[in-house]
Each structure stands twice: as C-alpha cells, then as structure tokens.
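> My structure is below; once you've seen it, I'll send some questions.
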Amino acid sequence: ETGYDILFFWVARMVMLGTELTGKVPFDVVYMHGLVRDGQGKKMSKTTGNVVDPLDIIAQYGTDALRYTLVTGVTPGLDVPLNPKRIEISRNFANKLWNSARFILSNLKDLSAEEKAAMAVSKPMSQEEMEQLAMPERFIVSRCHQLVAEVTQQLDEYTMGQAGDQIQTFLWDQFADWYLETSKVRIFAAQKSDDPEVQAAAAQARRVLVYVLDTNLRLLHPFMPFVTEAIWQRLPHVGKSLVIAAWPQQDGAPLHVDEEAVRQFTSLQELVRTIRNARNEYKVEPGRKIQALIAAEGALGDALVKEKAALASFCKADPALLEIRSLEETRKVMEQDSGLQPVHLVVQAG
C-alpha cells in the first residue's frame, strides 16, 4: 500500500533489493492510492501552512471517523481531499451506530444469561432458521446477506471506498431507519402484553437485531476498529475479540437470501414513502393520525395485514382506521358516499 509519488523511490527499490538479496519478489500486489490533500485539493506543505495535523483531527472527531473518511475517500487514480465536513459526516455515522447499539443493548438487559448466550452469533443464519422468521426479519437478514457478498467481493477487488460506503448505506438507511423502527413495534408491544405470540415476535426481533448488528460490525471493523470492538464486546458474542472473529462469509458459499421477503418489504417501503409524500404535499400536521384504506391482494396483502401495526407506525395512521382489503372490496368502499374527500394513491400496479 503506497502513494504513487513514492512508487519508484520506495516500492521499486524494495522489489529490486528483495529480489537481489533473496531471489524472490517480496510482494505480488501493490495497492496504490492518491495523495491526501487539504480541503481545497491543494498539496499539503509547511511553507504554505496548510498541513493538517491528524492528532488534531482525532482529538476533534475521533480516530474511527478519520480512518473511515480516508479509506472510503480513496478513488483509484484520484487524490484524497481531507475535508472536515466529510470527517464530521463519518463521526455522525459512528454516533448513529453507537446509538443503534445502545437501543439494542437496552432491550437485552432484562434477559437471563442463558438467553443472551443463545443470541451470540457463531455462524451465518441458515435458510431453515430464516423460514421461521416474519417477513420484516427475513427481509433485513436477506439484505444483510446480500451486503456480505457485495462487501466481500469489493474487498477482494480492492474497491475499499465502495465497500465502506455500502456498509454505511445499509446500516443507516435499511437497518436503523426501517428495521430498527419495525422492531420497536414488536418490543414495545411485548412490554404491554403477555400474549405468547407477541412475546415470541419480540424475541425474534431481538435475535435478528443482534445477528444483523454483529454481522455488520465484522464487516465494518477494518474501517472503524475501535467503535466496532467496543460495541461487539458489549453484545452477546463468541470469542475474545472482534479482530480475530470469523468473517461472515466463511467458505465462499453465498448466504441465503429470501427474494420474496425482499420484494414484499420493498413494496411496504414504497407504500410508506408514497403516503408520507402525500402527507407532506397536503400539509398534514406531523402529529395527526390519518385514516388509510390499502388495496393489496395475495401474499403481499397477507404480509401487510400481519405488519399492520408497523405500517401504522411508519405512516402515522390510526391503527383503528387503517384497513387492508382486496381490490374488489376497496372499490366498493370507495364508491360509497361517506362524506369524506379521500386522496387516491397508486403505489404499485399489477
């Protein structure tokens, strides 16, 4: 690993000297990156006074934020501008990861030692295990398994920046914004009910939260070693340290992905986004609960019915006034003169 500016002065000499003294080429791969420049793209120089002291950056933003910014900022053939705004974004990502972990850990504190130990991740989740989960859980585990395959391939191809960006996108957009919020519906419901099905759904949610977070900590560890190790040590885990923990894709075989669950939850996401856009367009007060009638049939309709509570939470709909019916039943309701002036939205046809 080196910058192109010292390719001849250092790397080539190591190759020639190593070959001369040992008769063997010392290394087969040279990973070249651009120069680290200041925020305006200028080369750092003591004369111009634009040298950025990494110790000052670390004191302000943290080591992981600086490391992540440098690694993900690498684009083959281009230099790396060290912009404080990008470092701040990386620090915010680390904070988001820490806060997500705090929520998960707070919901494990009342479990017994045996229950926590059973959640420790020792191997990837199998197809048989995933089939026992509800649709949102199968979705997030499937997305996680897709991420593992993509990041593994990108690291093998030395596209470090793209790998780091994809981990952040998944953790921020899919895990924190969608599944974490879905899990809250299950966990909070279990705090108010002793129903066995409600308790089982919450237990499933906690297990999936730990599994997905643990897997992503393993992927993110080369980029952010300190915060990932600190979180992993607090989670139920197997082994002494994250740095020597097994990579999620151990034997090269692809992990199981439930394509049907991915399609169904993606449809739920599009539905939620459409309703949110309509609320914004019609200037509905943020705290106001709306009435909603959703037309959905087949397997998707059944899945939405089961996730009615989560759907109501995402859309800020009144659970008592949220209905999911067949297309024919929806037409009949719409033809009735109820005195209301509903907004009709088409999210997905066919």
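By convention here, the chains of the structure tokens are called A, B, ... in the order presented, each chain's residues are numbered starting at 1, and ligands are numbered starting at 1 in the order presented.
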Compile the contact shell of Arg138 of chain A as a PyMOL selection string: residues with an atom at most 12 Å away, counting only C-alpha atoms, same-chain residues fewer than 2 positions apart removed.
chain A and resi 125-136+140-145+179+204-205+208-209+211-212+256-265+303
> Report, in Å to a single decimal, how far apart atom CA of Thr72 of chain A and atom CA of Leu55 of chain A are.
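Going from atom CA of Leu55 of chain A over to atom CA of Thr72 of chain A, I get 19.5 Å.
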> Where in segment 28-253 of chain A does DSSP assign strand (DSSP E or B), given as a short mmCIF file (atom, residue, chain, number, x, y, z; two decimals) with C-alpha atoms, in the first residue's frame?

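Listed below is the output, result_36.cif:
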data_model
loop_
_atom_site.label_atom_id
_atom_site.label_comp_id
_atom_site.auth_asym_id
_atom_site.auth_seq_id
_atom_site.Cartn_x
_atom_site.Cartn_y
_atom_site.Cartn_z
CA MET A 32 -1.78 2.48 -4.87
CA HIS A 33 -3.81 5.44 -3.62
CA VAL A 36 -4.01 13.15 0.88
CA ARG A 37 -4.56 16.86 0.18
CA VAL A 80 -8.00 12.39 -1.39
CA PRO A 81 -9.13 15.85 -0.22
#
> Step one, run DSSP on the backbone; step two, keep only residues of segment 166-331 of chain A assigned to alpha helix (DSSP H); then write them as a VMD selection string.
chain A and resid 166 to 169 180 to 192 196 to 220 225 to 234 259 to 281 298 to 306 308 to 315 327 to 331
> Between A:Gly3, A:Pro124, A:Pro319, A:Gly164, which one has atoms that come closest to Ala253 of chain A, using only C-alpha atoms?
A:Pro124
> Show which residues sit within 10 Å of Ala200 of chain A, as a ChimeraX atom specification. Count only C-alpha atoms, and ignore same-chain residues fewer than 5 positions away.
/A:186-187,190,195,205-206
> Just write the chosen residues, N, CA, C and O atoms, as a PDB file, in the first residue's frame.

ATOM      1  N   ARG A 186     -42.625  -4.332  17.788  1.00  0.00           N
ATOM      2  CA  ARG A 186     -42.723  -5.660  18.405  1.00  0.00           C
ATOM      3  C   ARG A 186     -42.293  -5.627  19.871  1.00  0.00           C
ATOM      4  O   ARG A 186     -42.957  -6.200  20.742  1.00  0.00           O
ATOM      5  N   ILE A 187     -41.167  -4.956  20.143  1.00  0.00           N
ATOM      6  CA  ILE A 187     -40.637  -4.944  21.510  1.00  0.00           C
ATOM      7  C   ILE A 187     -41.542  -4.164  22.458  1.00  0.00           C
ATOM      8  O   ILE A 187     -41.813  -4.608  23.583  1.00  0.00           O
ATOM      9  N   ALA A 190     -44.626  -6.120  23.337  1.00  0.00           N
ATOM     10  CA  ALA A 190     -44.377  -7.180  24.308  1.00  0.00           C
ATOM     11  C   ALA A 190     -44.302  -6.645  25.732  1.00  0.00           C
ATOM     12  O   ALA A 190     -44.558  -7.383  26.690  1.00  0.00           O
ATOM     13  N   ASP A 195     -49.211 -11.991  25.833  1.00  0.00           N
ATOM     14  CA  ASP A 195     -49.612 -12.936  24.805  1.00  0.00           C
ATOM     15  C   ASP A 195     -48.376 -13.669  24.265  1.00  0.00           C
ATOM     16  O   ASP A 195     -47.379 -13.034  23.920  1.00  0.00           O
ATOM     17  N   ALA A 205     -37.359 -10.493  17.109  1.00  0.00           N
ATOM     18  CA  ALA A 205     -36.811  -9.185  16.750  1.00  0.00           C
ATOM     19  C   ALA A 205     -35.480  -8.940  17.450  1.00  0.00           C
ATOM     20  O   ALA A 205     -34.516  -8.466  16.827  1.00  0.00           O
ATOM     21  N   ARG A 206     -35.399  -9.252  18.730  1.00  0.00           N
ATOM     22  CA  ARG A 206     -34.142  -9.061  19.471  1.00  0.00           C
ATOM     23  C   ARG A 206     -33.023  -9.925  18.881  1.00  0.00           C
ATOM     24  O   ARG A 206     -31.887  -9.469  18.729  1.00  0.00           O
TER      25      ARG A 206
END
> Measure the distance from atom CA of Leu304 of chain A to atom CA of Arg288 of chain A in Å and round it to one decimal.
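These two atoms are separated by 21.9 Å.
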> Show which residues sit within 7 Å of segment 268-278 of chain A, as a PyMOL selection string. Count only C-alpha atoms, and ignore same-chain residues fewer than 2 positions away.
chain A and resi 264-266+280-282+314-315+347
> For the selection you just gave me, I'd like the residues written to a file as an mmCIF file, in the first residue's frame, keeping C-alpha atoms.

data_model
loop_
_atom_site.group_PDB
_atom_site.id
_atom_site.type_symbol
_atom_site.label_atom_id
_atom_site.label_comp_id
_atom_site.auth_asym_id
_atom_site.auth_seq_id
_atom_site.Cartn_x
_atom_site.Cartn_y
_atom_site.Cartn_z
ATOM 1 C CA GLN A 264 -42.686 -7.656 -0.091
ATOM 2 C CA PHE A 265 -40.866 -5.330 2.286
ATOM 3 C CA THR A 266 -39.692 -3.179 -0.632
ATOM 4 C CA ASN A 280 -46.294 16.462 3.118
ATOM 5 C CA GLU A 281 -47.993 17.610 -0.085
ATOM 6 C CA TYR A 282 -51.339 18.170 1.652
ATOM 7 C CA PHE A 314 -44.479 4.314 9.730
ATOM 8 C CA CYS A 315 -47.405 6.173 8.130
ATOM 9 C CA VAL A 347 -48.147 2.767 -5.343
#
> Could you check which of A:Ile6, A:Val198, A:Val227, A:Leu322 is closest to Arg91 of chain A, using only C-alpha atoms?
A:Val227
> Neighbours of Leu180 of chain A within 10 Å (only C-alpha atoms; same-chain residues fewer than 3 positions away dropped), as a list in words?
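Near neighbours after the sequence-gap exclusion: Ser100, Phe103, Ile104, Ile140, Leu171, Gln174, Phe175, Ala176, Asp177, Ser183, Lys184, Val185, Ala205, Arg206 and Leu209 of chain A.
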> Restricting the calculation to only C-alpha atoms, which member of A:Asn99, A:Ser106, A:Ser90, A:Gln199 is positioned closest to Gln168 of chain A?
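Using only C-alpha atoms, the shortest distance to Gln168 of chain A belongs to A:Ser90.
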> Could you jot down the atom CA of Pro225 of chain A to atom CA of Val243 of chain A separation for me, Å, one decimal place?
7.9 Å
> Which residues, written as a list in words, have at least one atom at most 10 Å from Leu217 of chain A, with only C-alpha atoms counted and residues fewer than 5 positions away on the same chain left out?
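Near Leu217 of chain A, the qualifying residues are Leu97, Ile167, Tyr211, Val212, Pro222, Phe223, Met224, Pro225, Val227, Thr228, Glu229, Ile231, Trp232 and Leu242 of chain A.
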> Restricting the output to N, CA and C atoms, write the selected residues as an mmCIF file, in the first residue's frame.

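Writing the result to out-v2.cif gives the following:
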data_model
loop_
_atom_site.group_PDB
_atom_site.id
_atom_site.type_symbol
_atom_site.label_atom_id
_atom_site.label_comp_id
_atom_site.auth_asym_id
_atom_site.auth_seq_id
_atom_site.Cartn_x
_atom_site.Cartn_y
_atom_site.Cartn_z
ATOM 1 N N LEU A 97 -24.291 4.559 14.710
ATOM 2 C CA LEU A 97 -24.035 3.149 15.010
ATOM 3 C C LEU A 97 -24.063 2.903 16.513
ATOM 4 N N ILE A 167 -21.653 -0.364 3.426
ATOM 5 C CA ILE A 167 -21.947 -0.723 4.822
ATOM 6 C C ILE A 167 -22.681 0.428 5.504
ATOM 7 N N TYR A 211 -28.094 -10.325 15.501
ATOM 8 C CA TYR A 211 -27.443 -11.006 14.374
ATOM 9 C C TYR A 211 -26.981 -10.014 13.308
ATOM 10 N N VAL A 212 -27.862 -9.115 12.916
ATOM 11 C CA VAL A 212 -27.527 -8.169 11.846
ATOM 12 C C VAL A 212 -26.455 -7.186 12.317
ATOM 13 N N PRO A 222 -12.639 -3.446 9.796
ATOM 14 C CA PRO A 222 -11.411 -2.933 9.161
ATOM 15 C C PRO A 222 -11.431 -1.420 8.936
ATOM 16 N N PHE A 223 -12.624 -0.829 8.863
ATOM 17 C CA PHE A 223 -12.750 0.603 8.620
ATOM 18 C C PHE A 223 -12.807 1.402 9.924
ATOM 19 N N MET A 224 -13.516 0.879 10.920
ATOM 20 C CA MET A 224 -13.698 1.560 12.208
ATOM 21 C C MET A 224 -13.408 0.567 13.336
ATOM 22 N N PRO A 225 -12.154 0.286 13.617
ATOM 23 C CA PRO A 225 -11.835 -0.800 14.554
ATOM 24 C C PRO A 225 -12.215 -0.538 16.009
ATOM 25 N N VAL A 227 -14.702 1.664 17.595
ATOM 26 C CA VAL A 227 -16.108 1.677 17.987
ATOM 27 C C VAL A 227 -16.751 0.310 17.759
ATOM 28 N N THR A 228 -16.348 -0.392 16.701
ATOM 29 C CA THR A 228 -16.927 -1.714 16.454
ATOM 30 C C THR A 228 -16.508 -2.714 17.522
ATOM 31 N N GLU A 229 -15.263 -2.648 17.950
ATOM 32 C CA GLU A 229 -14.797 -3.550 19.016
ATOM 33 C C GLU A 229 -15.511 -3.237 20.321
ATOM 34 N N ILE A 231 -18.485 -1.947 20.786
ATOM 35 C CA ILE A 231 -19.875 -2.417 20.730
ATOM 36 C C ILE A 231 -19.929 -3.936 20.802
ATOM 37 N N TRP A 232 -19.062 -4.596 20.048
ATOM 38 C CA TRP A 232 -19.082 -6.063 19.979
ATOM 39 C C TRP A 232 -18.831 -6.685 21.344
ATOM 40 N N LEU A 242 -13.136 -9.015 18.416
ATOM 41 C CA LEU A 242 -13.709 -8.902 17.079
ATOM 42 C C LEU A 242 -12.634 -8.990 16.006
#
> Any chance you could tabulate, as a Markdown table, the residues of segment 216-327 of chain A at most 12 Å from segment 332-335 of chain A with each one's nearest atom pair and distance in Å to one decimal, using only C-alpha atoms, in chain and rising number order?

| residue | atom | partner | partner_atom | distance |
| --- | --- | --- | --- | --- |
| A:Ala292 | CA | A:Met334 | CA | 11.7 |
| A:Leu293 | CA | A:Val333 | CA | 9.0 |
| A:Ile294 | CA | A:Val333 | CA | 11.0 |
| A:Ala295 | CA | A:Val333 | CA | 10.7 |
| A:Glu323 | CA | A:Val333 | CA | 10.9 |
| A:Ile324 | CA | A:Val333 | CA | 11.7 |
| A:Arg325 | CA | A:Val333 | CA | 9.8 |
| A:Ser326 | CA | A:Lys332 | CA | 10.2 |
| A:Leu327 | CA | A:Lys332 | CA | 8.8 |
> May I have the selected residues written with C-alpha atoms, as a CSV table (one decimal), in the first residue's frame?

chain,number,residue,atom,x,y,z
A,292,ALA,CA,-56.0,4.8,5.4
A,293,LEU,CA,-57.5,2.1,3.2
A,294,ILE,CA,-55.0,0.0,1.4
A,295,ALA,CA,-55.8,-2.4,-1.5
A,323,GLU,CA,-57.7,-1.1,6.7
A,324,ILE,CA,-56.1,-3.5,4.2
A,325,ARG,CA,-58.6,-5.1,1.9
A,326,SER,CA,-58.8,-6.8,-1.5
A,327,LEU,CA,-59.1,-4.6,-4.6
